[in-house]
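> One structure is given below, represented as structure tokens, and several questions about it will come after.
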Amino acid sequence: MTLRAVVRGVGHYLPARVVPNAEFVNWIDTSDEWIRTRSGIERRHFAAEGETTSVLATEAARAALNDAGMEASEIDAIVVATSTADFTFPSVATMVQSNLGMTRGFAFDLQAVCAGYVYALTTANALILAGQAKTVLVIGAETFSKLMDWTDRSTSVLFGDGAGALILEAQEQPGTNQDRGILASDLNSDGQFKDLLYVDGGVSTGTTGHLRMQGKEVFRHAIEKLAETAHTALEKAGLTSDDVDWIVPHQANIRIIEGTAKRMQVPMERVIVTVQDHGNTSAASIPLAISVGRARGQIKPGDLIVTEAIGGGLAWGSVVLRI
Ligand code: UT7
């Protein structure tokens with residue numbers, strides 16, 4: 001028998017306000033047609049005033065706990081992937097811990113921008129395999145609307161707010177690649193590309209700053225790197241693209257999602273796509289897509305999922321898991 005980090009519960013939360021592409025036309029030179037054809041985005045959710053990342057994260061956590069039929073007191077650790085923490089510190093994770101009424105265990109944030117959830121799943125898996133925790137609440141939560149330069153049409157139309165959560169639980173499995181749980185992962189970063197996607201604020205400037213992106217360059221790296229990292233993770237698990245029931249990609253751009261699926265030789269019928277409804281929610285996009293994919297009846301118990309994501313850093317990676 002082999003110890004695996006198995007998904008016990010899934011949940012998500014989206015702020016109530018939905019902003020269709022047409023709204024942007026009121027303040028920048030853009031069109032619904034450009035946004036749809038260049039990115040696949042039709043609408044996104046924006047958090048209300050005071051609806052911070054920890055609020056979104058807490059709601060997603062509650063949904064996942066409810067799905068698992070678990071109490072917060074049964075959670076050993078909370079990992080939150082985010083680049084939009086309410087404050088420089090304390091971590092969003094400890095704020096969630098407090099909101100859930102948990103007074104034991106440990107909680108911390110992890111920041112790998114849009115690849116954050118792939119990094120968080122890998123870290124939570126390592127905590128479980130090392131015996132540090134039996135149950136880990138892994139949250140991806142973001143309020144990227146707070147980082148937008150509303151005069152920059154090349155970025156402001158692309159991002160949205162939201163949160164998703166998975167509860168991973170230590171379970172003994174037979175020890176084959178048919179096991180449930182996390183089967184393999186692949187993480188990468190290359191800081192020489194740090195200027196392609198960054199926020200021009202932080203403690204060095206005393207401001208929150210705005211997101212800056214060389215979209216075309218990031219696009220090129222995404223097309224090149226995402227299929228490769230997914231392939232590497234599958235290979236580590238002794239699996240191939242043919243075994244994949246669902247690609248759950250980071251939802252940045254439909255053209256990147258389609259390009260990666262094509263390179264992996266997986267038809268779009270086996271790809272979870274939510275970018276049209278959520279835009280790019282950075283570290284929240286993968287757990288959001290897993291939760292929505294399951295709610296739609298697409299993802300079912302026993303399905304093999306491969307996630308892949310790339311973002312600022314550049315940082316990218318992939319996780320293979322059986323739901
Ligand atoms: O999650 C983190 C990772 N991020 C990503 O994966 C994003 C990767 N990049 C992309 O998704 C795409 O590069 C974008 C959607 C950001 C842009 O698409 P593109 O096809 O690469 O367009 P572009 O940047 O080459 O811009 C084409 C034209 C430009 O006009 P000119 O210079 O050709 O006259 C832009 O000024 O489109 C113009 N443009 C716009 N036009 C209308 C840029 N933004 C807009 C806009 N509305 N919102």
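Ordered as shown in the structure tokens, chains take letters A, B, and onward, while each chain numbers its residues from 1 and ligands are numbered from 1 in the order shown.
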Env of Val55 (chain A): 9 Å cut, atoms = only C-alpha atoms, seq-sep filter 6 positions within chain, self excluded. Answer as a list in words.

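That gives Met95, Val96 and Asn99 of chain A.
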
> Please report, as a ChimeraX atom specification, each residue of region 85-230 of chain A to which DSSP assigns strand (DSSP E) when run on this structure's backbone.

/A:106-110,135-143,161-173,181-189,197-199,211-213

> Selected residues, C-alpha atoms, written as a PDB file, in the first residue's frame, please.


ATOM      1  CA  PHE A 106      -0.916  25.434  10.666  1.00  0.00           C
ATOM      2  CA  ALA A 107      -1.634  27.772   7.769  1.00  0.00           C
ATOM      3  CA  PHE A 108       0.476  29.658   5.235  1.00  0.00           C
ATOM      4  CA  ASP A 109       0.315  31.371   1.834  1.00  0.00           C
ATOM      5  CA  LEU A 110       2.271  30.411  -1.219  1.00  0.00           C
ATOM      6  CA  THR A 135      -5.861  16.678   5.867  1.00  0.00           C
ATOM      7  CA  VAL A 136      -4.893  19.816   3.934  1.00  0.00           C
ATOM      8  CA  LEU A 137      -7.261  22.506   2.717  1.00  0.00           C
ATOM      9  CA  VAL A 138      -5.681  23.815  -0.514  1.00  0.00           C
ATOM     10  CA  ILE A 139      -7.200  27.107  -1.645  1.00  0.00           C
ATOM     11  CA  GLY A 140      -6.563  29.287  -4.696  1.00  0.00           C
ATOM     12  CA  ALA A 141      -8.034  32.767  -4.152  1.00  0.00           C
ATOM     13  CA  GLU A 142      -7.499  36.051  -5.970  1.00  0.00           C
ATOM     14  CA  THR A 143      -8.820  39.581  -6.376  1.00  0.00           C
ATOM     15  CA  ASP A 161     -11.835  37.507  -9.106  1.00  0.00           C
ATOM     16  CA  GLY A 162     -12.743  34.183  -7.512  1.00  0.00           C
ATOM     17  CA  ALA A 163     -11.673  31.291  -5.307  1.00  0.00           C
ATOM     18  CA  GLY A 164     -11.630  27.505  -5.383  1.00  0.00           C
ATOM     19  CA  ALA A 165     -10.643  24.888  -2.826  1.00  0.00           C
ATOM     20  CA  LEU A 166      -9.819  21.202  -2.594  1.00  0.00           C
ATOM     21  CA  ILE A 167      -9.468  19.180   0.601  1.00  0.00           C
ATOM     22  CA  LEU A 168      -6.708  16.585   0.329  1.00  0.00           C
ATOM     23  CA  GLU A 169      -6.693  13.660   2.742  1.00  0.00           C
ATOM     24  CA  ALA A 170      -4.010  11.036   3.423  1.00  0.00           C
ATOM     25  CA  GLN A 171      -5.315   7.654   2.266  1.00  0.00           C
ATOM     26  CA  GLU A 172      -3.690   4.281   1.701  1.00  0.00           C
ATOM     27  CA  GLN A 173      -3.977   3.246  -1.950  1.00  0.00           C
ATOM     28  CA  GLY A 181      -5.020  11.092  -5.455  1.00  0.00           C
ATOM     29  CA  ILE A 182      -1.997  13.042  -6.638  1.00  0.00           C
ATOM     30  CA  LEU A 183       0.123  10.779  -8.830  1.00  0.00           C
ATOM     31  CA  ALA A 184       2.866  13.134 -10.068  1.00  0.00           C
ATOM     32  CA  SER A 185       3.801  16.754 -10.558  1.00  0.00           C
ATOM     33  CA  ASP A 186       6.340  18.885 -12.402  1.00  0.00           C
ATOM     34  CA  LEU A 187       7.386  22.394 -11.273  1.00  0.00           C
ATOM     35  CA  ASN A 188       9.528  24.937 -13.117  1.00  0.00           C
ATOM     36  CA  SER A 189      10.498  28.594 -13.004  1.00  0.00           C
ATOM     37  CA  LEU A 197       4.605  39.729 -16.242  1.00  0.00           C
ATOM     38  CA  TYR A 198       4.857  41.592 -12.947  1.00  0.00           C
ATOM     39  CA  VAL A 199       3.195  44.093 -10.616  1.00  0.00           C
ATOM     40  CA  LEU A 211      -0.178  44.434 -13.312  1.00  0.00           C
ATOM     41  CA  ARG A 212       2.086  44.822 -16.367  1.00  0.00           C
ATOM     42  CA  MET A 213       2.313  42.156 -19.031  1.00  0.00           C
TER      43      MET A 213
END

> Produce as a ChimeraX atom specification the set of residues near ligand 1, where near means within 7 Å with only C-alpha atoms and all ligand atoms considered.

/A:29-31,34-35,38-39,114,153-155,157,215-216,218-219,222,252-253,280,282,310-312

> Could you tell me which of A:Trp246, A:Trp150, A:Phe89, A:Phe193 comes closest to Asn26 (chain A) if we count only C-alpha atoms?

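So, comparing all the options, the nearest one is A:Trp150.
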
> CA of Ser91 (chain A) and CA of Arg62 (chain A) are how many Å apart?

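Here the two named atoms are 18.0 Å from each other.
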
> Taking into account only C-alpha atoms, which residue in the set A:Arg180, A:Arg43, A:Arg104, A:Lys236 is nearest to Val7 (chain A)?

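Nearest to Val7 (chain A): A:Arg180.
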